[in-house]
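What follows is the content of start-v7.pdb (PDB, C-alpha atoms).
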```pdb
ATOM      1  CA  MET A   1     113.540  98.265 121.197
ATOM      2  CA  GLY A   2     110.567  97.829 118.865
ATOM      3  CA  ALA A   3     110.298  96.820 115.236
ATOM      4  CA  LEU A   4     109.431 100.156 113.597
ATOM      5  CA  PHE A   5     111.815 101.596 111.026
ATOM      6  CA  ASN A   6     112.176 105.017 112.679
ATOM      7  CA  GLU A   7     113.164 103.242 115.908
ATOM      8  CA  ALA A   8     115.836 101.284 114.018
ATOM      9  CA  MET A   9     117.253 104.564 112.660
ATOM     10  CA  ALA A  10     117.514 106.185 116.118
ATOM     11  CA  LEU A  11     121.004 107.409 117.099
ATOM     12  CA  ARG A  12     122.517 108.566 120.375
ATOM     13  CA  GLN A  13     125.659 110.693 120.273
ATOM     14  CA  LEU A  14     128.526 109.526 122.487
ATOM     15  CA  ASP A  15     131.240 111.655 124.040
ATOM     16  CA  THR A  16     134.615 111.458 122.317
ATOM     17  CA  ALA A  17     137.970 113.155 122.778
ATOM     18  CA  ASP A  18     138.432 113.395 118.993
ATOM     19  CA  SER A  19     136.819 116.672 117.931
ATOM     20  CA  GLY A  20     136.974 115.679 114.267
ATOM     21  CA  CYS A  21     134.969 112.487 114.775
ATOM     22  CA  LEU A  22     131.389 112.257 115.955
ATOM     23  CA  VAL A  23     130.441 108.873 117.379
ATOM     24  CA  PHE A  24     126.877 107.603 117.520
ATOM     25  CA  GLU A  25     125.351 104.521 119.060
ATOM     26  CA  GLY A  26     122.475 102.674 117.439
ATOM     27  CA  GLU A  27     120.918  99.241 117.548
ATOM     28  CA  LEU A  28     119.577  96.930 114.870
ATOM     29  CA  ASN A  29     117.623  94.075 116.403
ATOM     30  CA  GLU A  30     116.348  90.750 115.073
ATOM     31  CA  HIS A  31     113.576  92.474 113.090
ATOM     32  CA  TRP A  32     116.187  93.870 110.675
ATOM     33  CA  THR A  33     117.917  90.694 109.596
ATOM     34  CA  ILE A  34     118.224  88.390 106.617
ATOM     35  CA  GLY A  35     118.554  84.978 108.172
ATOM     36  CA  PRO A  36     120.689  85.493 111.284
ATOM     37  CA  LYS A  37     122.625  88.548 110.031
ATOM     38  CA  VAL A  38     121.744  92.229 109.914
ATOM     39  CA  HIS A  39     120.311  93.407 106.587
ATOM     40  CA  GLY A  40     122.814  95.363 104.479
ATOM     41  CA  GLY A  41     120.345  97.996 103.297
ATOM     42  CA  VAL A  42     119.355  98.832 106.869
ATOM     43  CA  MET A  43     123.016  99.278 107.832
ATOM     44  CA  MET A  44     123.528 101.521 104.803
ATOM     45  CA  ALA A  45     120.524 103.641 105.819
ATOM     46  CA  LEU A  46     121.863 103.910 109.374
ATOM     47  CA  CYS A  47     125.229 105.098 108.006
ATOM     48  CA  ALA A  48     123.386 107.693 105.915
ATOM     49  CA  ASN A  49     121.546 108.891 109.003
ATOM     50  CA  ALA A  50     124.797 109.206 110.944
ATOM     51  CA  ALA A  51     126.297 111.336 108.165
ATOM     52  CA  ARG A  52     123.200 113.542 107.940
ATOM     53  CA  THR A  53     123.065 113.954 111.719
ATOM     54  CA  ALA A  54     126.776 114.752 111.996
ATOM     55  CA  HIS A  55     126.384 117.409 109.321
ATOM     56  CA  GLY A  56     123.693 119.099 111.357
ATOM     57  CA  GLY A  57     120.440 117.525 110.238
ATOM     58  CA  ASP A  58     119.605 120.427 107.897
ATOM     59  CA  VAL A  59     118.055 120.340 104.423
ATOM     60  CA  LEU A  60     120.842 118.229 102.950
ATOM     61  CA  GLN A  61     120.013 114.577 102.374
ATOM     62  CA  PRO A  62     122.194 111.518 101.616
ATOM     63  CA  VAL A  63     121.964 111.770  97.820
ATOM     64  CA  ALA A  64     124.637 109.089  97.319
ATOM     65  CA  VAL A  65     125.861 106.333  99.611
ATOM     66  CA  SER A  66     128.755 104.092  98.604
ATOM     67  CA  ALA A  67     129.122 101.245 101.092
ATOM     68  CA  ASN A  68     131.718  98.489 101.368
ATOM     69  CA  PHE A  69     130.633  95.550 103.517
ATOM     70  CA  LEU A  70     133.562  94.178 105.513
ATOM     71  CA  SER A  71     131.778  91.806 107.880
ATOM     72  CA  ALA A  72     128.258  90.596 108.645
ATOM     73  CA  PRO A  73     127.257  91.629 112.170
ATOM     74  CA  ASP A  74     124.745  89.952 114.431
ATOM     75  CA  PRO A  75     121.735  91.853 115.743
ATOM     76  CA  GLY A  76     122.636  94.183 118.584
ATOM     77  CA  PRO A  77     124.287  97.520 119.380
ATOM     78  CA  MET A  78     126.269  99.321 116.675
ATOM     79  CA  ARG A  79     128.761 102.185 116.867
ATOM     80  CA  LEU A  80     129.045 104.679 114.020
ATOM     81  CA  GLU A  81     132.239 106.749 113.764
ATOM     82  CA  THR A  82     131.545 109.701 111.495
ATOM     83  CA  ARG A  83     133.814 112.365 109.999
ATOM     84  CA  ILE A  84     132.779 115.248 107.760
ATOM     85  CA  ARG A  85     135.351 115.333 104.941
ATOM     86  CA  LYS A  86     133.876 118.300 103.086
ATOM     87  CA  ARG A  87     131.329 120.856 104.229
ATOM     88  CA  GLY A  88     130.117 122.780 101.213
ATOM     89  CA  ARG A  89     127.289 125.119 100.315
ATOM     90  CA  ARG A  90     125.552 122.563  98.070
ATOM     91  CA  ILE A  91     127.526 119.338  98.542
ATOM     92  CA  SER A  92     129.128 117.825 101.642
ATOM     93  CA  VAL A  93     130.864 114.475 102.090
ATOM     94  CA  ALA A  94     131.171 112.254 105.169
ATOM     95  CA  ASP A  95     132.947 109.016 106.029
ATOM     96  CA  VAL A  96     131.122 106.570 108.294
ATOM     97  CA  GLU A  97     132.375 103.348 109.832
ATOM     98  CA  LEU A  98     129.682 101.143 111.322
ATOM     99  CA  MET A  99     131.269  98.917 113.943
ATOM    100  CA  GLN A 100     130.243  96.129 116.265
ATOM    101  CA  GLY A 101     132.738  95.728 119.058
ATOM    102  CA  ASP A 102     136.176  96.366 117.569
ATOM    103  CA  ARG A 103     135.223  95.089 114.126
ATOM    104  CA  THR A 104     134.152  97.308 111.233
ATOM    105  CA  ALA A 105     131.103  95.951 109.433
ATOM    106  CA  VAL A 106     130.501  98.748 106.898
ATOM    107  CA  HIS A 107     132.632 101.570 105.578
ATOM    108  CA  ALA A 108     130.480 104.148 103.797
ATOM    109  CA  VAL A 109     131.153 107.388 101.975
ATOM    110  CA  VAL A 110     128.029 109.555 102.052
ATOM    111  CA  THR A 111     127.459 112.499  99.728
ATOM    112  CA  LEU A 112     124.993 115.027 101.156
ATOM    113  CA  GLY A 113     123.023 117.380  98.928
ATOM    114  CA  GLU A 114     119.503 118.321  97.908
ATOM    115  CA  PRO A 115     117.567 115.679  95.946
ATOM    116  CA  GLU A 116     115.510 116.548  92.877
ATOM    117  CA  HIS A 117     113.014 119.347  93.469
ATOM    118  CA  HIS A 118     109.415 118.897  92.337
ATOM    119  CA  LEU A 119     108.088 122.387  91.778
ATOM    120  CA  PRO A 120     104.597 123.329  90.562
ATOM    121  CA  GLY A 121     104.574 123.287  86.774
ATOM    122  CA  GLU A 122     107.903 121.427  86.653
ATOM    123  CA  THR A 123     106.837 117.975  87.805
ATOM    124  CA  GLU A 124     108.083 116.078  84.760
ATOM    125  CA  PRO A 125     111.782 115.322  84.300
ATOM    126  CA  LEU A 126     113.521 116.593  81.190
ATOM    127  CA  LEU A 127     114.070 112.970  80.134
ATOM    128  CA  SER A 128     113.070 109.665  81.722
ATOM    129  CA  ALA A 129     113.482 106.005  80.865
ATOM    130  CA  ASN A 130     111.862 104.776  84.085
ATOM    131  CA  PRO A 131     110.517 101.243  83.376
ATOM    132  CA  VAL A 132     108.609 100.796  86.632
ATOM    133  CA  VAL A 133     105.584 102.985  85.937
ATOM    134  CA  ASP A 134     104.415 100.890  82.974
ATOM    135  CA  LEU A 135     105.258  97.621  84.727
ATOM    136  CA  MET A 136     103.662  98.088  88.157
ATOM    137  CA  PRO A 137     100.612 100.013  89.418
ATOM    138  CA  PRO A 138     101.006 102.397  92.392
ATOM    139  CA  GLU A 139      99.561  99.857  94.852
ATOM    140  CA  PRO A 140      99.961  96.068  95.104
ATOM    141  CA  PRO A 141      97.093  93.753  94.147
ATOM    142  CA  GLU A 142      94.822  93.035  97.101
ATOM    143  CA  ASP A 143      95.614  89.307  96.990
ATOM    144  CA  LEU A 144      99.407  89.791  97.092
ATOM    145  CA  ALA A 145     100.534  88.473 100.475
ATOM    146  CA  PRO A 146     102.948  90.396 102.716
ATOM    147  CA  ILE A 147     106.058  88.697 104.049
ATOM    148  CA  GLY A 148     105.060  87.276 107.406
ATOM    149  CA  PRO A 149     104.289  83.931 109.069
ATOM    150  CA  ASP A 150     103.674  81.135 106.543
ATOM    151  CA  HIS A 151     105.059  83.210 103.678
ATOM    152  CA  ARG A 152     107.602  81.514 101.407
ATOM    153  CA  LEU A 153     110.281  84.021 102.486
ATOM    154  CA  ALA A 154     109.466  83.831 106.216
ATOM    155  CA  GLY A 155     112.529  82.872 108.226
ATOM    156  CA  LEU A 156     114.805  84.335 105.568
ATOM    157  CA  VAL A 157     113.519  87.916 105.337
ATOM    158  CA  ASN A 158     112.751  89.072 108.886
ATOM    159  CA  LEU A 159     111.802  92.660 108.083
ATOM    160  CA  GLY A 160     108.064  91.985 107.990
ATOM    161  CA  ALA A 161     107.448  93.236 111.531
ATOM    162  CA  GLY A 162     108.630  96.739 110.687
ATOM    163  CA  CYS A 163     107.812  96.873 106.977
ATOM    164  CA  ASP A 164     104.943  95.767 104.796
ATOM    165  CA  ILE A 165     106.787  94.004 101.966
ATOM    166  CA  ARG A 166     104.831  92.371  99.151
ATOM    167  CA  PRO A 167     106.960  90.518  96.608
ATOM    168  CA  VAL A 168     105.574  89.012  93.418
ATOM    169  CA  LEU A 169     106.835  85.482  94.030
ATOM    170  CA  SER A 170     106.487  84.423  90.405
ATOM    171  CA  THR A 171     109.195  86.945  89.474
ATOM    172  CA  LEU A 172     111.656  85.051  91.687
ATOM    173  CA  GLU A 173     111.318  81.927  89.561
ATOM    174  CA  PRO A 174     113.715  80.998  86.726
ATOM    175  CA  ALA A 175     112.482  82.464  83.433
ATOM    176  CA  GLY A 176     113.513  79.328  81.551
ATOM    177  CA  ASP A 177     114.646  81.205  78.439
ATOM    178  CA  GLY A 178     117.841  82.823  79.707
ATOM    179  CA  ARG A 179     116.334  86.256  80.214
ATOM    180  CA  PRO A 180     117.452  88.172  83.320
ATOM    181  CA  PRO A 181     114.938  88.293  86.164
ATOM    182  CA  VAL A 182     112.807  91.366  86.817
ATOM    183  CA  ILE A 183     111.853  90.879  90.459
ATOM    184  CA  GLN A 184     108.902  93.045  91.505
ATOM    185  CA  MET A 185     107.765  94.103  94.947
ATOM    186  CA  TRP A 186     105.966  96.839  96.866
ATOM    187  CA  ALA A 187     107.081  98.090 100.281
ATOM    188  CA  ARG A 188     106.242 100.697 102.889
ATOM    189  CA  PRO A 189     107.106 101.155 106.561
ATOM    190  CA  ARG A 190     104.484 100.472 109.199
ATOM    191  CA  ASP A 191     102.800 103.381 111.003
ATOM    192  CA  VAL A 192     104.883 106.082 109.287
ATOM    193  CA  ALA A 193     105.383 107.561 105.824
ATOM    194  CA  PRO A 194     108.445 106.448 103.835
ATOM    195  CA  ASP A 195     111.367 108.853 104.031
ATOM    196  CA  ALA A 196     114.822 109.175 102.504
ATOM    197  CA  LEU A 197     116.332 106.521 104.752
ATOM    198  CA  PHE A 198     113.581 103.974 104.105
ATOM    199  CA  ALA A 199     113.876 104.600 100.372
ATOM    200  CA  LEU A 200     117.626 103.954 100.524
ATOM    201  CA  MET A 201     117.020 100.693 102.373
ATOM    202  CA  CYS A 202     114.634  99.678  99.571
ATOM    203  CA  GLY A 203     117.615  99.859  97.226
ATOM    204  CA  ASP A 204     118.684  96.538  98.773
ATOM    205  CA  LEU A 205     115.337  94.989  99.599
ATOM    206  CA  SER A 206     114.851  92.278  96.985
ATOM    207  CA  ALA A 207     115.796  88.650  97.375
ATOM    208  CA  PRO A 208     118.981  88.025  95.353
ATOM    209  CA  VAL A 209     118.509  87.822  91.597
ATOM    210  CA  THR A 210     120.393  84.520  91.831
ATOM    211  CA  PHE A 211     117.038  82.941  92.727
ATOM    212  CA  ALA A 212     116.477  83.014  88.974
ATOM    213  CA  VAL A 213     119.285  80.477  88.464
ATOM    214  CA  GLU A 214     118.300  78.399  91.517
ATOM    215  CA  ARG A 215     121.103  79.735  93.720
ATOM    216  CA  THR A 216     119.091  80.638  96.816
ATOM    217  CA  GLY A 217     121.723  80.543  99.553
ATOM    218  CA  TRP A 218     123.434  83.449 101.269
ATOM    219  CA  ALA A 219     124.640  85.983  98.670
ATOM    220  CA  PRO A 220     126.860  88.448 100.581
ATOM    221  CA  THR A 221     126.987  91.974  99.182
ATOM    222  CA  VAL A 222     130.541  93.258  98.797
ATOM    223  CA  GLN A 223     129.850  96.770  97.512
ATOM    224  CA  LEU A 224     126.616  98.754  97.200
ATOM    225  CA  THR A 225     126.097 102.241  95.832
ATOM    226  CA  ALA A 226     122.670 103.885  96.164
ATOM    227  CA  LEU A 227     121.500 107.218  94.756
ATOM    228  CA  LEU A 228     118.645 109.122  96.377
ATOM    229  CA  ARG A 229     117.085 110.908  93.382
ATOM    230  CA  SER A 230     114.082 112.442  95.151
ATOM    231  CA  LEU A 231     112.182 112.222  98.423
ATOM    232  CA  PRO A 232     109.296 109.731  98.332
ATOM    233  CA  ALA A 233     105.646 110.688  98.503
ATOM    234  CA  ASP A 234     103.587 109.025 101.220
ATOM    235  CA  GLY A 235     102.373 105.577 100.172
ATOM    236  CA  TRP A 236     103.732 102.410  98.628
ATOM    237  CA  LEU A 237     107.165 102.271  97.009
ATOM    238  CA  ARG A 238     107.451 100.166  93.859
ATOM    239  CA  ILE A 239     110.697  98.223  93.433
ATOM    240  CA  ILE A 240     112.178  96.200  90.617
ATOM    241  CA  ALA A 241     115.461  94.305  90.812
ATOM    242  CA  THR A 242     117.347  92.944  87.842
ATOM    243  CA  CYS A 243     120.894  92.248  86.681
ATOM    244  CA  LEU A 244     123.190  92.097  83.680
ATOM    245  CA  GLU A 245     125.129  88.939  84.477
ATOM    246  CA  ILE A 246     125.249  86.199  87.085
ATOM    247  CA  GLY A 247     128.667  84.613  86.907
ATOM    248  CA  HIS A 248     130.013  81.599  88.749
ATOM    249  CA  ASP A 249     131.629  83.790  91.418
ATOM    250  CA  TRP A 250     130.146  87.288  91.156
ATOM    251  CA  PHE A 251     126.853  88.884  90.189
ATOM    252  CA  ASP A 252     125.500  92.391  89.867
ATOM    253  CA  GLU A 253     122.074  93.512  91.012
ATOM    254  CA  ASP A 254     120.264  96.758  90.224
ATOM    255  CA  HIS A 255     117.299  98.206  92.111
ATOM    256  CA  ILE A 256     114.958 100.932  90.902
ATOM    257  CA  VAL A 257     112.600 102.425  93.500
ATOM    258  CA  VAL A 258     109.608 104.539  92.440
ATOM    259  CA  ASP A 259     106.990 106.207  94.641
ATOM    260  CA  ARG A 260     103.204 106.185  94.216
ATOM    261  CA  LEU A 261     103.379 109.320  92.041
ATOM    262  CA  GLY A 262     105.695 107.576  89.596
ATOM    263  CA  ARG A 263     108.757 109.578  90.596
ATOM    264  CA  LEU A 264     112.190 107.952  90.563
ATOM    265  CA  VAL A 265     113.283 107.834  94.201
ATOM    266  CA  VAL A 266     116.328 105.531  94.407
ATOM    267  CA  GLN A 267     118.697 103.779  92.032
ATOM    268  CA  ALA A 268     121.113 101.226  93.471
ATOM    269  CA  ARG A 269     123.714  98.824  92.122
ATOM    270  CA  GLN A 270     125.589  96.192  94.061
ATOM    271  CA  LEU A 271     128.314  93.627  93.512
ATOM    272  CA  ALA A 272     127.797  90.384  95.411
ATOM    273  CA  LEU A 273     129.009  86.803  95.646
ATOM    274  CA  VAL A 274     127.059  83.998  94.003
ATOM    275  CA  PRO A 275     125.770  81.429  96.520
ATOM    276  CA  PRO A 276     127.302  77.967  96.186
ATOM    277  CA  LYS A 277     125.548  75.334  94.141
ATOM    278  CA  PRO A 278     123.220  73.280  96.352
ATOM    279  CA  PRO A 279     124.305  69.694  96.941
ATOM    280  CA  ALA A 280     122.819  67.150  94.566
ATOM    281  CA  GLY A 281     119.869  65.134  95.829
TER     282      GLY A 281
END
```
Written as C-alpha cells, that's how I'd like the structure from this file.
Amino acid sequence: MGALFNEAMALRQLDTADSGCLVFEGELNEHWTIGPKVHGGVMMALCANAARTAHGGDVLQPVAVSANFLSAPDPGPMRLETRIRKRGRRISVADVELMQGDRTAVHAVVTLGEPEHHLPGETEPLLSANPVVDLMPPEPPEDLAPIGPDHRLAGLVNLGAGCDIRPVLSTLEPAGDGRPPVIQMWARPRDVAPDALFALMCGDLSAPVTFAVERTGWAPTVQLTALLRSLPADGWLRIIATCLEIGHDWFDEDHIVVDRLGRLVVQARQLALVPPKPPAG
C-alpha cells in the first residue's frame, strides 16, 4: 500500500450475515501516524467514507462527524462496521465502529447531507466571521518548509509522504503574554485535489495547542466533532488551530479550514488530555 491519501481511504466490502450492518476493510499504514499510532483525523475521515459508501455513495457528503476515540491503534488493517440509522431525503445518519482485531478504536456518528452550495451570483455567505482570510494568504510562502526529513516535526508527524504540510513553526511557540496560540499551516494532498475526506482530516491536522505551554508530549484526543461546511476548491487548504483553555488535565482545540477561494470548508472542535509535565532537567 502506498502513501497517497486516496489509497488510505480505499475500502473493500466484506460479506456479513447481518443485513443491517455493512462491514468494510481498510488499512492505514505507517504514513498516517503521529509517532507510532494512527492519526485520529485520518481514522475519522475513513469512518466518514464508510458511512458515505454504505449509504450508496451518492451526492450526500459527511457534513458532520462526531467521533469518540476509545483506543489508539497501530498501523495496519482496520475493520469498519457501519449501520445506517436514518435514510432521509436530505439528511441521513450512520453509526460506524472502526476496529482493529476485536478492539474498537473509534465510534463515530456521521450525518450525511449536502454541504453549502456555491451558485453563480450567490458566492458570498449571508454572514461570515471567518478569521483565516485576513490572517493567511491562499498559498504558503515559498520559504516555508514542508514536514519531511530534517524538519522539526519529523518523526512525530509522519503524514509528509502523502500530504504536503507546511506549518508556521513560530506559531507553535509560547506567546509569552498568556494569549492563546493561533497555529497556522497550509496543507494539500499529493498528486490529487483535496476532497471532503481530506478536508475533514485537516480538522485534526495541527500539532496540539499545548505546545504553547511547553507540553509537547502525546495529547490523546477523547472526542472530536468536525463539520464539513463546503467542498474544497483545488489547491492549498489554510488551517488555523486555537483554543479557549488549557487546563491541567483537559484542553480544547478548534480548527478552521479554508480553501484557496477563501471559503469555509471545515470547522472542528476536540477535547483532549494535556500531556504530562516533562521531567525537570
Fewer than 2 positions away in the same chain doesn't count, so skip those; otherwise give me all residues within 10 Å of Val132 in chain A, counting only C-alpha atoms, as a PyMOL selection string. chain A and resi 129-130+134-138+184+238-240+256-259+262-264
Determine, counting all atoms listed in the file, which protein, DNA and RNA residues have an atom within 12 Å of an atom of Gly57 in chain A; residues of the same chain fewer than 5 positions away are not included. Present the result as a list in words. Ala48, Asn49, Ala50, Ala51, Arg52, Pro62, Leu112 and Gly113 of chain A
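Of the listed residues (A:Asp234, A:Asp102, A:Glu81, A:Glu139), A:Glu81 comes nearest to Val23 in chain A; the distances count all atoms listed in the file.
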Test item: residues at most 9 Å from Gly155 in chain A, all atoms listed in the file, excluding those fewer than 6 positions along its chain, as a list in words: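 Near neighbours after the sequence-gap exclusion: Ile34, Gly35, Gly148 and Pro149 of chain A.
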I'd like the residues picked by the PyMOL selection byres ((chain A and resi 248-252) around 6) written out as a PyMOL selection string, using the chain letters and numbers from the file. chain A and resi 243+245-247+253+270-274
When you look at Phe24 in chain A with a cut-off of 9 Å (counting all atoms listed in the file), what residues show up, excluding the ones that are within fewer than 2 positions of it in the same chain? I need them as number ranges by chain. A: 11-15, 22, 26, 50, 78-82
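Restricting the calculation to all atoms listed in the file, the smallest distance between Gly20 in chain A and any of A:Lys86, A:Pro141, A:Asp74, A:Pro36 is found for A:Lys86.
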Name every residue that the PyMOL selection byres ((chain A and resi 233) around 8) selects in this structure, writing the answer as a PyMOL selection string with chains first and numbers rising. chain A and resi 193-194+231-232+234-235+259-261
Skip Pro279 in chain A itself and residues of its chain fewer than 6 positions away, then list as a ChimeraX atom specification all residues within 12 Å of it, counting all atoms listed in the file. /A:214-215,217
Two-atom distance - CA of His117 in chain A, CA of Val265 in chain A (Å):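 Result for CA of His117 in chain A versus CA of Val265 in chain A: 11.5 Å, one decimal.
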Given the PyMOL selection byres ((chain A and resi 105) around 8), the residues it picks as a PyMOL selection string: chain A and resi 69-73+97-100+103-104+106-107
